[in-house]
>>> print(open('target_12.cif').read())   # mmCIF, C-alpha atoms
data_my_file
loop_
_atom_site.group_PDB
_atom_site.id
_atom_site.type_symbol
_atom_site.label_atom_id
_atom_site.label_comp_id
_atom_site.auth_asym_id
_atom_site.auth_seq_id
_atom_site.Cartn_x
_atom_site.Cartn_y
_atom_site.Cartn_z
ATOM 1 C CA MET U 1 11.935 1.643 23.475
ATOM 2 C CA GLU U 2 11.982 -2.133 23.971
ATOM 3 C CA GLY U 3 8.457 -1.943 25.347
ATOM 4 C CA LEU U 4 7.311 0.068 22.334
ATOM 5 C CA GLN U 5 8.910 -2.445 19.981
ATOM 6 C CA ALA U 6 7.199 -5.307 21.776
ATOM 7 C CA LEU U 7 3.830 -3.525 21.595
ATOM 8 C CA ALA U 8 4.199 -2.886 17.864
ATOM 9 C CA GLU U 9 5.242 -6.478 17.196
ATOM 10 C CA LEU U 10 2.351 -7.857 19.239
ATOM 11 C CA ALA U 11 0.047 -5.763 17.057
ATOM 12 C CA ILE U 12 1.747 -7.001 13.862
ATOM 13 C CA ALA U 13 1.318 -10.609 14.988
ATOM 14 C CA LEU U 14 -2.352 -10.063 15.820
ATOM 15 C CA VAL U 15 -3.050 -8.521 12.397
ATOM 16 C CA ARG U 16 -1.169 -11.283 10.599
ATOM 17 C CA LEU U 17 -2.769 -14.182 12.496
ATOM 18 C CA THR U 18 -6.288 -12.793 12.137
ATOM 19 C CA GLY U 19 -5.977 -11.937 8.429
ATOM 20 C CA THR U 20 -7.964 -13.333 5.549
ATOM 21 C CA ASP U 21 -6.964 -16.977 6.079
ATOM 22 C CA ARG U 22 -7.571 -16.844 9.854
ATOM 23 C CA ALA U 23 -4.504 -18.836 10.890
ATOM 24 C CA TRP U 24 -5.454 -17.715 14.400
ATOM 25 C CA ASP U 25 -8.230 -20.337 14.478
ATOM 26 C CA VAL U 26 -5.637 -23.094 13.963
ATOM 27 C CA ILE U 27 -2.808 -21.769 16.137
ATOM 28 C CA VAL U 28 -4.629 -20.233 19.124
ATOM 29 C CA ASP U 29 -7.052 -22.439 21.038
ATOM 30 C CA ARG U 30 -8.109 -20.033 23.771
ATOM 31 C CA PRO U 31 -11.640 -18.576 23.718
ATOM 32 C CA GLY U 32 -11.651 -14.811 24.050
ATOM 33 C CA ALA U 33 -7.891 -14.472 23.551
ATOM 34 C CA GLU U 34 -8.213 -12.445 20.351
ATOM 35 C CA ALA U 35 -10.432 -9.819 21.979
ATOM 36 C CA ARG U 36 -8.187 -9.608 25.064
ATOM 37 C CA TRP U 37 -5.081 -9.252 22.887
ATOM 38 C CA ARG U 38 -6.627 -6.435 20.867
ATOM 39 C CA GLU U 39 -8.015 -4.682 23.961
ATOM 40 C CA HIS U 40 -4.571 -4.759 25.568
ATOM 41 C CA ILE U 41 -2.898 -3.183 22.528
ATOM 42 C CA VAL U 42 -5.599 -0.486 22.211
ATOM 43 C CA GLU U 43 -5.308 0.299 25.912
ATOM 44 C CA GLN U 44 -1.524 0.684 25.702
ATOM 45 C CA VAL U 45 -1.609 2.780 22.529
ATOM 46 C CA SER U 46 -4.246 5.066 24.066
ATOM 47 C CA MET U 47 -2.116 5.948 27.084
ATOM 48 C CA ALA U 48 -1.355 9.684 27.084
ATOM 49 C CA ALA U 49 2.306 9.078 27.956
ATOM 50 C CA LEU U 50 2.744 7.116 24.707
ATOM 51 C CA ALA U 51 0.431 9.176 22.502
ATOM 52 C CA GLN U 52 2.346 12.378 23.332
ATOM 53 C CA LEU U 53 5.791 11.037 22.429
ATOM 54 C CA PRO U 54 5.641 11.674 18.649
ATOM 55 C CA ARG U 55 4.902 15.341 19.367
ATOM 56 C CA LYS U 56 7.631 15.618 21.980
ATOM 57 C CA ARG U 57 10.230 13.952 19.744
ATOM 58 C CA PRO U 58 9.131 14.569 16.152
ATOM 59 C CA MET U 59 12.497 13.655 14.598
ATOM 60 C CA GLN U 60 12.162 10.167 16.142
ATOM 61 C CA ALA U 61 8.385 9.963 15.742
ATOM 62 C CA PHE U 62 8.048 6.770 13.692
ATOM 63 C CA PRO U 63 8.790 4.154 16.425
ATOM 64 C CA TYR U 64 6.275 5.898 18.688
ATOM 65 C CA LEU U 65 3.653 5.955 15.947
ATOM 66 C CA LEU U 66 4.186 2.373 14.790
ATOM 67 C CA PRO U 67 1.789 0.567 17.184
ATOM 68 C CA TYR U 68 -0.962 3.003 16.198
ATOM 69 C CA LEU U 69 -0.221 2.649 12.477
ATOM 70 C CA VAL U 70 -0.550 -1.137 12.779
ATOM 71 C CA LEU U 71 -3.885 -0.795 14.591
ATOM 72 C CA ARG U 72 -5.060 1.803 12.062
ATOM 73 C CA ARG U 73 -4.927 -0.905 9.418
ATOM 74 C CA THR U 74 -7.714 -2.732 11.273
ATOM 75 C CA GLY U 75 -10.010 0.297 11.227
ATOM 76 C CA PHE U 76 -9.040 1.748 14.608
ATOM 77 C CA ARG U 77 -8.914 5.557 14.677
ATOM 78 C CA ASP U 78 -7.847 7.924 17.440
ATOM 79 C CA PRO U 79 -8.396 11.677 16.897
ATOM 80 C CA TYR U 80 -5.257 12.662 18.823
ATOM 81 C CA TYR U 81 -2.997 10.382 16.749
ATOM 82 C CA GLU U 82 -4.692 11.513 13.537
ATOM 83 C CA GLN U 83 -3.986 15.130 14.409
ATOM 84 C CA THR U 84 -0.389 14.191 15.254
ATOM 85 C CA LEU U 85 0.073 12.543 11.858
ATOM 86 C CA ASP U 86 -1.412 15.561 10.066
ATOM 87 C CA ARG U 87 0.899 17.933 11.925
ATOM 88 C CA LEU U 88 3.996 15.833 11.348
ATOM 89 C CA MET U 89 3.286 15.383 7.649
ATOM 90 C CA SER U 90 2.747 19.115 7.245
ATOM 91 C CA VAL U 91 6.365 19.696 8.335
ATOM 92 C CA GLY U 92 7.944 16.930 6.258
ATOM 93 C CA PHE U 93 7.388 13.595 8.026
ATOM 94 C CA PRO U 94 8.685 11.007 7.290
ATOM 95 C CA ASP U 95 11.356 12.399 4.951
ATOM 96 C CA MET U 96 12.646 14.902 7.500
ATOM 97 C CA SER U 97 14.499 12.107 9.326
ATOM 98 C CA GLU U 98 17.695 10.541 8.016
ATOM 99 C CA SER U 99 17.334 6.750 7.601
ATOM 100 C CA VAL U 100 19.179 3.859 5.975
ATOM 101 C CA PRO U 101 17.361 2.491 2.884
ATOM 102 C CA TYR U 102 15.618 -0.514 4.428
ATOM 103 C CA ARG U 103 14.329 1.715 7.234
ATOM 104 C CA ARG U 104 12.803 4.027 4.644
ATOM 105 C CA LEU U 105 11.144 0.931 3.191
ATOM 106 C CA ASP U 106 9.959 0.140 6.726
ATOM 107 C CA VAL U 107 8.274 3.537 7.122
ATOM 108 C CA ALA U 108 6.741 3.492 3.645
ATOM 109 C CA TYR U 109 5.312 -0.003 4.191
ATOM 110 C CA PHE U 110 3.620 0.735 7.513
ATOM 111 C CA LEU U 111 2.287 4.119 6.399
ATOM 112 C CA GLY U 112 0.866 2.592 3.229
ATOM 113 C CA LYS U 113 -0.745 -0.360 4.985
ATOM 114 C CA SER U 114 -2.270 1.964 7.590
ATOM 115 C CA GLY U 115 -4.042 3.859 4.814
ATOM 116 C CA ARG U 116 -2.009 7.061 5.173
ATOM 117 C CA LYS U 117 -0.265 8.531 2.161
ATOM 118 C CA GLY U 118 3.439 9.251 2.401
ATOM 119 C CA GLY U 119 6.712 7.439 2.448
ATOM 120 C CA GLY U 120 7.001 6.733 -1.264
ATOM 121 C CA ASP U 121 6.928 3.655 -3.470
ATOM 122 C CA LEU U 122 8.164 0.354 -1.998
ATOM 123 C CA LYS U 123 9.917 -0.743 -5.179
ATOM 124 C CA SER U 124 11.940 2.444 -5.404
ATOM 125 C CA HIS U 125 13.006 2.024 -1.775
ATOM 126 C CA TYR U 126 13.912 -1.617 -2.403
ATOM 127 C CA ARG U 127 16.323 -0.671 -5.187
ATOM 128 C CA ARG U 128 18.413 1.240 -2.620
ATOM 129 C CA THR U 129 18.567 -1.542 -0.013
ATOM 130 C CA GLY U 130 21.525 -3.773 0.689
ATOM 131 C CA LEU U 131 19.566 -6.830 -0.462
ATOM 132 C CA ALA U 132 19.061 -5.331 -3.928
ATOM 133 C CA HIS U 133 22.857 -5.074 -4.322
ATOM 134 C CA GLN U 134 24.025 -8.146 -2.393
ATOM 135 C CA ARG U 135 25.871 -10.783 -4.386
ATOM 136 C CA SER U 136 27.646 -12.674 -1.591
ATOM 137 C CA VAL U 137 27.102 -13.460 2.083
ATOM 138 C CA VAL U 138 30.810 -13.604 2.964
ATOM 139 C CA LEU U 139 30.674 -10.175 4.597
ATOM 140 C CA ALA U 140 27.208 -10.582 6.125
ATOM 141 C CA ASP U 141 26.723 -9.971 9.847
ATOM 142 C CA ASP U 142 23.713 -9.971 12.175
ATOM 143 C CA ASP U 143 22.693 -6.419 11.266
ATOM 144 C CA SER U 144 22.801 -7.043 7.525
ATOM 145 C CA ALA U 145 20.910 -10.332 7.982
ATOM 146 C CA TYR U 146 18.126 -8.525 9.842
ATOM 147 C CA ALA U 147 18.073 -5.818 7.157
ATOM 148 C CA LEU U 148 17.650 -8.573 4.534
ATOM 149 C CA THR U 149 14.814 -10.343 6.355
ATOM 150 C CA HIS U 150 12.930 -7.127 7.104
ATOM 151 C CA THR U 151 13.210 -6.009 3.486
ATOM 152 C CA ILE U 152 11.556 -9.243 2.356
ATOM 153 C CA LEU U 153 8.891 -9.075 5.058
ATOM 154 C CA TYR U 154 7.875 -5.537 4.105
ATOM 155 C CA LEU U 155 7.761 -6.348 0.391
ATOM 156 C CA SER U 156 5.505 -9.353 1.044
ATOM 157 C CA ASP U 157 3.276 -7.933 3.808
ATOM 158 C CA PHE U 158 4.908 -10.389 6.244
ATOM 159 C CA GLY U 159 4.145 -13.223 3.863
ATOM 160 C CA ALA U 160 0.467 -12.373 3.388
ATOM 161 C CA GLN U 161 0.990 -11.351 -0.249
ATOM 162 C CA PRO U 162 3.197 -12.666 -3.078
ATOM 163 C CA ILE U 163 6.447 -10.742 -3.010
ATOM 164 C CA ALA U 164 6.581 -8.083 -5.695
ATOM 165 C CA LEU U 165 9.937 -9.069 -7.212
ATOM 166 C CA PRO U 166 10.658 -10.592 -10.648
ATOM 167 C CA GLU U 167 11.641 -14.253 -10.936
ATOM 168 C CA PRO U 168 15.334 -13.595 -11.783
ATOM 169 C CA GLU U 169 15.619 -11.460 -8.652
ATOM 170 C CA LEU U 170 14.068 -14.219 -6.527
ATOM 171 C CA ARG U 171 16.498 -16.787 -7.956
ATOM 172 C CA ARG U 172 19.390 -14.505 -6.952
ATOM 173 C CA ILE U 173 18.019 -14.069 -3.424
ATOM 174 C CA GLN U 174 17.150 -17.720 -2.712
ATOM 175 C CA PRO U 175 20.731 -19.033 -2.271
ATOM 176 C CA ILE U 176 21.628 -16.003 -0.145
ATOM 177 C CA ILE U 177 18.822 -16.829 2.277
ATOM 178 C CA GLU U 178 19.648 -20.536 2.154
ATOM 179 C CA THR U 179 23.282 -19.893 3.107
ATOM 180 C CA LEU U 180 22.258 -17.627 5.977
ATOM 181 C CA VAL U 181 19.699 -20.184 7.214
ATOM 182 C CA VAL U 182 22.439 -22.809 7.482
ATOM 183 C CA HIS U 183 24.903 -20.372 9.098
ATOM 184 C CA TYR U 184 22.511 -19.185 11.808
ATOM 185 C CA TRP U 185 21.187 -22.707 12.357
ATOM 186 C CA ARG U 186 24.782 -23.726 13.164
ATOM 187 C CA GLU U 187 25.029 -20.699 15.469
ATOM 188 C CA ARG U 188 21.668 -21.664 17.034
ATOM 189 C CA HIS U 189 20.636 -18.033 16.648
ATOM 190 C CA TRP U 190 16.948 -18.933 16.680
ATOM 191 C CA ASP U 191 15.671 -15.404 16.171
ATOM 192 C CA LEU U 192 17.433 -15.058 12.818
ATOM 193 C CA VAL U 193 16.759 -18.687 11.902
ATOM 194 C CA GLY U 194 13.038 -18.025 12.332
ATOM 195 C CA GLU U 195 13.078 -14.841 10.266
ATOM 196 C CA LEU U 196 15.179 -16.448 7.531
ATOM 197 C CA LEU U 197 12.941 -19.537 7.383
ATOM 198 C CA LEU U 198 9.944 -17.233 7.014
ATOM 199 C CA CYS U 199 11.730 -15.447 4.177
ATOM 200 C CA SER U 200 12.555 -18.768 2.500
ATOM 201 C CA GLU U 201 8.837 -19.619 2.590
ATOM 202 C CA ILE U 202 8.130 -16.271 0.925
ATOM 203 C CA VAL U 203 10.742 -16.260 -1.867
ATOM 204 C CA GLY U 204 11.029 -20.031 -2.380
ATOM 205 C CA ARG U 205 13.925 -22.410 -1.798
ATOM 206 C CA PRO U 206 16.718 -23.452 -4.140
ATOM 207 C CA PRO U 207 17.050 -27.119 -5.205
ATOM 208 C CA ARG U 208 18.370 -29.516 -2.537
ATOM 209 C CA SER U 209 17.600 -27.042 0.239
ATOM 210 C CA LEU U 210 18.607 -27.735 3.846
ATOM 211 C CA ALA U 211 15.934 -25.387 5.194
ATOM 212 C CA GLY U 212 13.684 -28.314 6.167
ATOM 213 C CA TYR U 213 16.321 -29.592 8.595
ATOM 214 C CA ALA U 214 16.780 -26.097 10.027
ATOM 215 C CA TYR U 215 13.004 -25.830 10.426
ATOM 216 C CA LYS U 216 12.956 -29.070 12.446
ATOM 217 C CA ALA U 217 15.763 -27.759 14.681
ATOM 218 C CA PHE U 218 13.849 -24.496 15.119
ATOM 219 C CA GLN U 219 10.729 -26.399 16.159
ATOM 220 C CA ASP U 220 12.702 -28.540 18.617
ATOM 221 C CA ALA U 221 14.163 -25.415 20.256
ATOM 222 C CA HIS U 222 10.718 -24.343 21.512
ATOM 223 C CA TRP U 223 9.964 -24.729 25.197
ATOM 224 C CA GLU U 224 6.972 -26.778 26.292
ATOM 225 C CA ASP U 225 4.805 -23.631 26.600
ATOM 226 C CA GLY U 226 5.423 -22.709 22.955
ATOM 227 C CA THR U 227 7.929 -19.922 23.546
ATOM 228 C CA ILE U 228 11.465 -19.945 22.137
ATOM 229 C CA PRO U 229 14.586 -18.023 23.256
ATOM 230 C CA GLY U 230 16.290 -15.769 20.752
ATOM 231 C CA HIS U 231 19.594 -17.606 21.032
ATOM 232 C CA ALA U 232 20.401 -21.042 22.419
ATOM 233 C CA ASP U 233 23.203 -19.584 24.567
ATOM 234 C CA ALA U 234 20.614 -17.601 26.537
ATOM 235 C CA GLY U 235 18.300 -20.570 27.079
ATOM 236 C CA ALA U 236 19.743 -21.888 30.347
ATOM 237 C CA THR U 237 19.839 -18.425 31.925
ATOM 238 C CA LEU U 238 16.265 -17.718 30.887
ATOM 239 C CA LEU U 239 15.062 -21.031 32.298
ATOM 240 C CA LEU U 240 16.625 -20.120 35.643
ATOM 241 C CA ALA U 241 14.932 -16.724 35.439
ATOM 242 C CA ARG U 242 11.607 -18.427 34.693
ATOM 243 C CA ASP U 243 11.982 -20.714 37.693
ATOM 244 C CA ALA U 244 12.766 -17.661 39.830
ATOM 245 C CA GLY U 245 9.598 -15.911 38.662
ATOM 246 C CA GLU U 246 11.448 -13.163 36.768
ATOM 247 C CA THR U 247 8.707 -12.842 34.184
ATOM 248 C CA ALA U 248 9.812 -9.516 32.679
ATOM 249 C CA ARG U 249 13.305 -10.853 32.012
ATOM 250 C CA VAL U 250 11.932 -14.030 30.437
ATOM 251 C CA PHE U 251 9.487 -12.080 28.278
ATOM 252 C CA SER U 252 12.295 -9.859 27.006
ATOM 253 C CA GLY U 253 14.342 -12.913 26.029
ATOM 254 C CA VAL U 254 11.636 -14.883 24.240
ATOM 255 C CA TYR U 255 8.846 -12.631 22.981
ATOM 256 C CA HIS U 256 10.331 -11.583 19.622
ATOM 257 C CA THR U 257 11.392 -15.051 18.498
ATOM 258 C CA THR U 258 8.051 -16.447 19.634
ATOM 259 C CA ILE U 259 6.218 -13.861 17.509
ATOM 260 C CA VAL U 260 8.443 -14.762 14.555
ATOM 261 C CA SER U 261 7.521 -18.402 15.157
ATOM 262 C CA LEU U 262 3.805 -17.528 15.123
ATOM 263 C CA ILE U 263 4.095 -15.677 11.818
ATOM 264 C CA LEU U 264 6.184 -18.510 10.338
ATOM 265 C CA ALA U 265 3.507 -20.992 11.430
ATOM 266 C CA THR U 266 0.886 -18.758 9.820
ATOM 267 C CA LYS U 267 2.749 -18.781 6.520
ATOM 268 C CA VAL U 268 3.226 -22.575 6.617
ATOM 269 C CA ILE U 269 -0.484 -23.110 7.343
ATOM 270 C CA GLU U 270 -1.472 -20.831 4.456
ATOM 271 C CA SER U 271 0.918 -22.633 2.102
ATOM 272 C CA GLU U 272 -0.576 -26.001 3.032
ATOM 273 C CA ARG U 273 -4.168 -24.928 2.409
#
>>> encode(input="target_12.cif", output="structure tokens")
Amino acid sequence: MEGLQALAELAIALVRLTGTDRAWDVIVDRPGAEARWREHIVEQVSMAALAQLPRKRPMQAFPYLLPYLVLRRTGFRDPYYEQTLDRLMSVGFPDMSESVPYRRLDVAYFLGKSGRKGGGDLKSHYRRTGLAHQRSVVLADDDSAYALTHTILYLSDFGAQPIALPEPELRRIQPIIETLVVHYWRERHWDLVGELLLCSEIVGRPPRSLAGYAYKAFQDAHWEDGTIPGHADAGATLLLARDAGETARVFSGVYHTTIVSLILATKVIESER
């Protein structure tokens, strides 16, 4: 499942960086990298062992379909996956699976962006999420913080579009994000700091924000090759693993936060243009 998640997130990053504003041209200075990245994702998605999983486990089909749904947004079509989607939807996908509200928003967002109907209206899903009802961060934990960030990312197309929330709602959300930015900056939980900073770029910052200082700390936490560990406490162990040539272990510890950093950089570049 971790490999599937990584594949889907690599595809999300590729789509976001190569979107309308072409942040890719600023961030990535490697000729041919875009084509190689896309070819790798297509090759992985097309493997029979992956393509068959949604049919073998229909009640858990969405994570297995996600990399394909992301690629489908770019015009890629695979007859086997298309037939799988038709079959699943004929028996009640995606509503046949029980999900918490922000996960239903997740499914609806990716189905809609892929061009497939189903999943429902994003605004109606938002009204059931924890973020729509949150008034304090006193009881927040890592899981609820991730639910908050993902809700905002889906509603804004990962920052590519203005978030579809009214101004009073944004003013309520801004101090919640600001407080969590400061908390996770103190914890040096770089994965959540990155996601929260991206969300603060999307919804706007309250007056006298400290997010700029957190952003500087987030930048400084990057290694010299541009990657960044998910949490500072894991950094020393991952550096030892890197020196020992344990590439799979290092990738697992840095890939997600590095992708978050790429999408954050994309949003900052777009805001500055």
>>> resolve_selection(input="target_12.cif", expression="the PyMOL selection byres ((chain U and resi 221-227) around 8)", output="PyMOL selection string")
chain U and resi 190+217-220+228-229+232+254-255+257-258
>>> residues_near_point(input="target_12.cif", point="(11.1, -10.9, 3.2)", cutoff="12 Å", atoms="all atoms listed in the file", output="VMD selection string")
chain U and resid 102 105 to 106 126 131 145 to 165 170 173 to 174 177 194 to 204 264 267
>>> resolve_selection(input="target_12.cif", expression="the PyMOL selection byres ((chain U and resi 25-33) around 12)", output="compact mmCIF listing (two decimals) with C-alpha atoms, in the coordinates of the input")
# COMPACT_ATOMS: atom_id res chain seq x y z
CA ALA U 13 1.32 -10.61 14.99
CA LEU U 14 -2.35 -10.06 15.82
CA ARG U 16 -1.17 -11.28 10.60
CA LEU U 17 -2.77 -14.18 12.50
CA THR U 18 -6.29 -12.79 12.14
CA GLY U 19 -5.98 -11.94 8.43
CA THR U 20 -7.96 -13.33 5.55
CA ASP U 21 -6.96 -16.98 6.08
CA ARG U 22 -7.57 -16.84 9.85
CA ALA U 23 -4.50 -18.84 10.89
CA TRP U 24 -5.45 -17.72 14.40
CA GLU U 34 -8.21 -12.44 20.35
CA ALA U 35 -10.43 -9.82 21.98
CA ARG U 36 -8.19 -9.61 25.06
CA TRP U 37 -5.08 -9.25 22.89
CA ARG U 38 -6.63 -6.44 20.87
CA GLU U 39 -8.02 -4.68 23.96
CA HIS U 40 -4.57 -4.76 25.57
CA GLY U 226 5.42 -22.71 22.96
CA SER U 261 7.52 -18.40 15.16
CA LEU U 262 3.80 -17.53 15.12
CA ILE U 263 4.10 -15.68 11.82
CA LEU U 264 6.18 -18.51 10.34
CA ALA U 265 3.51 -20.99 11.43
CA THR U 266 0.89 -18.76 9.82
CA LYS U 267 2.75 -18.78 6.52
CA VAL U 268 3.23 -22.58 6.62
CA ILE U 269 -0.48 -23.11 7.34
CA GLU U 270 -1.47 -20.83 4.46
CA ARG U 273 -4.17 -24.93 2.41
>>> residues_around(input="target_12.cif", residues="U:Arg77", least_positions_apart="6", cutoff="10 Å", atoms="all atoms listed in the file", output="list in words")
Tyr68, Leu69 and Leu71 of chain U
>>> axis_aligned_box(input="target_12.cif", around="stretch 102-112 of chain U", padding_each_side="5 Å", output="JSON")
{"center_x": 8.2, "center_y": 1.8, "center_z": 5.4, "size_x": 24.8, "size_y": 14.6, "size_z": 14.3}
>>> closest_residue(input="target_12.cif", among="U:Ile12, U:Arg188, U:Ala234, U:Leu239", to="U:Tyr215", atoms="all atoms listed in the file")
U:Arg188
>>> resolve_selection(input="target_12.cif", expression="the PyMOL selection byres ((chain U and resi 210) around 12)", output="list in words")
Pro175, Ile177, Glu178, Thr179, Leu180, Val181, Val182, His183, Trp185, Arg186, Leu197, Ser200, Arg205, Pro206, Pro207, Arg208, Ser209, Ala211, Gly212, Tyr213, Ala214, Tyr215, Lys216 and Ala217 of chain U
>>> write_last_selection(input="target_12.cif", atoms="C-alpha atoms", output="short mmCIF file (atom, residue, chain, number, x, y, z; two decimals), in the frame of the given file")
data_model
loop_
_atom_site.label_atom_id
_atom_site.label_comp_id
_atom_site.auth_asym_id
_atom_site.auth_seq_id
_atom_site.Cartn_x
_atom_site.Cartn_y
_atom_site.Cartn_z
CA PRO U 175 20.73 -19.03 -2.27
CA ILE U 177 18.82 -16.83 2.28
CA GLU U 178 19.65 -20.54 2.15
CA THR U 179 23.28 -19.89 3.11
CA LEU U 180 22.26 -17.63 5.98
CA VAL U 181 19.70 -20.18 7.21
CA VAL U 182 22.44 -22.81 7.48
CA HIS U 183 24.90 -20.37 9.10
CA TRP U 185 21.19 -22.71 12.36
CA ARG U 186 24.78 -23.73 13.16
CA LEU U 197 12.94 -19.54 7.38
CA SER U 200 12.56 -18.77 2.50
CA ARG U 205 13.92 -22.41 -1.80
CA PRO U 206 16.72 -23.45 -4.14
CA PRO U 207 17.05 -27.12 -5.20
CA ARG U 208 18.37 -29.52 -2.54
CA SER U 209 17.60 -27.04 0.24
CA ALA U 211 15.93 -25.39 5.19
CA GLY U 212 13.68 -28.31 6.17
CA TYR U 213 16.32 -29.59 8.60
CA ALA U 214 16.78 -26.10 10.03
CA TYR U 215 13.00 -25.83 10.43
CA LYS U 216 12.96 -29.07 12.45
CA ALA U 217 15.76 -27.76 14.68
#
>>> decode(input="target_12.cif", residues="stretch 14-36 of chain U", atoms="N, CA and C atoms", output="PDB file, in the first residue's frame")
ATOM      1  N   LEU U  14       3.437  15.378 -10.494  1.00  0.00           N
ATOM      2  CA  LEU U  14       3.709  15.619 -11.917  1.00  0.00           C
ATOM      3  C   LEU U  14       2.612  16.483 -12.540  1.00  0.00           C
ATOM      4  N   VAL U  15       1.347  16.147 -12.268  1.00  0.00           N
ATOM      5  CA  VAL U  15       0.233  16.911 -12.827  1.00  0.00           C
ATOM      6  C   VAL U  15       0.266  18.351 -12.320  1.00  0.00           C
ATOM      7  N   ARG U  16       0.546  18.519 -11.046  1.00  0.00           N
ATOM      8  CA  ARG U  16       0.546  19.866 -10.468  1.00  0.00           C
ATOM      9  C   ARG U  16       1.693  20.716 -11.005  1.00  0.00           C
ATOM     10  N   LEU U  17       2.889  20.144 -11.114  1.00  0.00           N
ATOM     11  CA  LEU U  17       4.051  20.905 -11.563  1.00  0.00           C
ATOM     12  C   LEU U  17       4.009  21.228 -13.052  1.00  0.00           C
ATOM     13  N   THR U  18       3.289  20.416 -13.819  1.00  0.00           N
ATOM     14  CA  THR U  18       3.241  20.628 -15.265  1.00  0.00           C
ATOM     15  C   THR U  18       1.918  21.239 -15.702  1.00  0.00           C
ATOM     16  N   GLY U  19       1.185  21.850 -14.756  1.00  0.00           N
ATOM     17  CA  GLY U  19      -0.097  22.469 -15.058  1.00  0.00           C
ATOM     18  C   GLY U  19       0.043  23.731 -15.880  1.00  0.00           C
ATOM     19  N   THR U  20      -0.983  24.527 -15.853  1.00  0.00           N
ATOM     20  CA  THR U  20      -1.074  25.700 -16.732  1.00  0.00           C
ATOM     21  C   THR U  20       0.116  26.640 -16.585  1.00  0.00           C
ATOM     22  N   ASP U  21       0.557  26.885 -15.342  1.00  0.00           N
ATOM     23  CA  ASP U  21       1.639  27.844 -15.118  1.00  0.00           C
ATOM     24  C   ASP U  21       3.039  27.251 -15.269  1.00  0.00           C
ATOM     25  N   ARG U  22       3.117  25.938 -15.517  1.00  0.00           N
ATOM     26  CA  ARG U  22       4.399  25.280 -15.789  1.00  0.00           C
ATOM     27  C   ARG U  22       5.452  25.616 -14.745  1.00  0.00           C
ATOM     28  N   ALA U  23       5.152  25.423 -13.480  1.00  0.00           N
ATOM     29  CA  ALA U  23       6.159  25.602 -12.436  1.00  0.00           C
ATOM     30  C   ALA U  23       7.318  24.635 -12.632  1.00  0.00           C
ATOM     31  N   TRP U  24       7.053  23.544 -13.316  1.00  0.00           N
ATOM     32  CA  TRP U  24       8.102  22.549 -13.614  1.00  0.00           C
ATOM     33  C   TRP U  24       9.322  23.223 -14.238  1.00  0.00           C
ATOM     34  N   ASP U  25       9.103  24.155 -15.163  1.00  0.00           N
ATOM     35  CA  ASP U  25      10.208  24.778 -15.891  1.00  0.00           C
ATOM     36  C   ASP U  25      11.125  25.591 -14.978  1.00  0.00           C
ATOM     37  N   VAL U  26      10.591  26.013 -13.812  1.00  0.00           N
ATOM     38  CA  VAL U  26      11.387  26.766 -12.849  1.00  0.00           C
ATOM     39  C   VAL U  26      12.064  25.830 -11.856  1.00  0.00           C
ATOM     40  N   ILE U  27      11.336  24.805 -11.413  1.00  0.00           N
ATOM     41  CA  ILE U  27      11.799  23.947 -10.325  1.00  0.00           C
ATOM     42  C   ILE U  27      12.734  22.846 -10.807  1.00  0.00           C
ATOM     43  N   VAL U  28      12.423  22.239 -11.951  1.00  0.00           N
ATOM     44  CA  VAL U  28      13.174  21.068 -12.427  1.00  0.00           C
ATOM     45  C   VAL U  28      14.065  21.480 -13.594  1.00  0.00           C
ATOM     46  N   ASP U  29      15.357  21.321 -13.423  1.00  0.00           N
ATOM     47  CA  ASP U  29      16.319  21.707 -14.453  1.00  0.00           C
ATOM     48  C   ASP U  29      17.047  20.461 -14.954  1.00  0.00           C
ATOM     49  N   ARG U  30      16.267  19.505 -15.443  1.00  0.00           N
ATOM     50  CA  ARG U  30      16.844  18.264 -15.951  1.00  0.00           C
ATOM     51  C   ARG U  30      16.158  17.908 -17.267  1.00  0.00           C
ATOM     52  N   PRO U  31      16.833  18.046 -18.387  1.00  0.00           N
ATOM     53  CA  PRO U  31      16.215  17.731 -19.681  1.00  0.00           C
ATOM     54  C   PRO U  31      15.723  16.293 -19.726  1.00  0.00           C
ATOM     55  N   GLY U  32      14.514  16.117 -20.209  1.00  0.00           N
ATOM     56  CA  GLY U  32      13.949  14.781 -20.354  1.00  0.00           C
ATOM     57  C   GLY U  32      13.325  14.211 -19.104  1.00  0.00           C
ATOM     58  N   ALA U  33      13.443  14.911 -17.968  1.00  0.00           N
ATOM     59  CA  ALA U  33      12.948  14.354 -16.705  1.00  0.00           C
ATOM     60  C   ALA U  33      11.435  14.199 -16.717  1.00  0.00           C
ATOM     61  N   GLU U  34      10.739  15.150 -17.322  1.00  0.00           N
ATOM     62  CA  GLU U  34       9.272  15.092 -17.333  1.00  0.00           C
ATOM     63  C   GLU U  34       8.783  13.845 -18.067  1.00  0.00           C
ATOM     64  N   ALA U  35       9.371  13.575 -19.228  1.00  0.00           N
ATOM     65  CA  ALA U  35       8.962  12.396 -19.998  1.00  0.00           C
ATOM     66  C   ALA U  35       9.287  11.109 -19.245  1.00  0.00           C
ATOM     67  N   ARG U  36      10.472  11.057 -18.613  1.00  0.00           N
ATOM     68  CA  ARG U  36      10.852   9.850 -17.867  1.00  0.00           C
ATOM     69  C   ARG U  36       9.926   9.626 -16.680  1.00  0.00           C
TER      70      ARG U  36
END
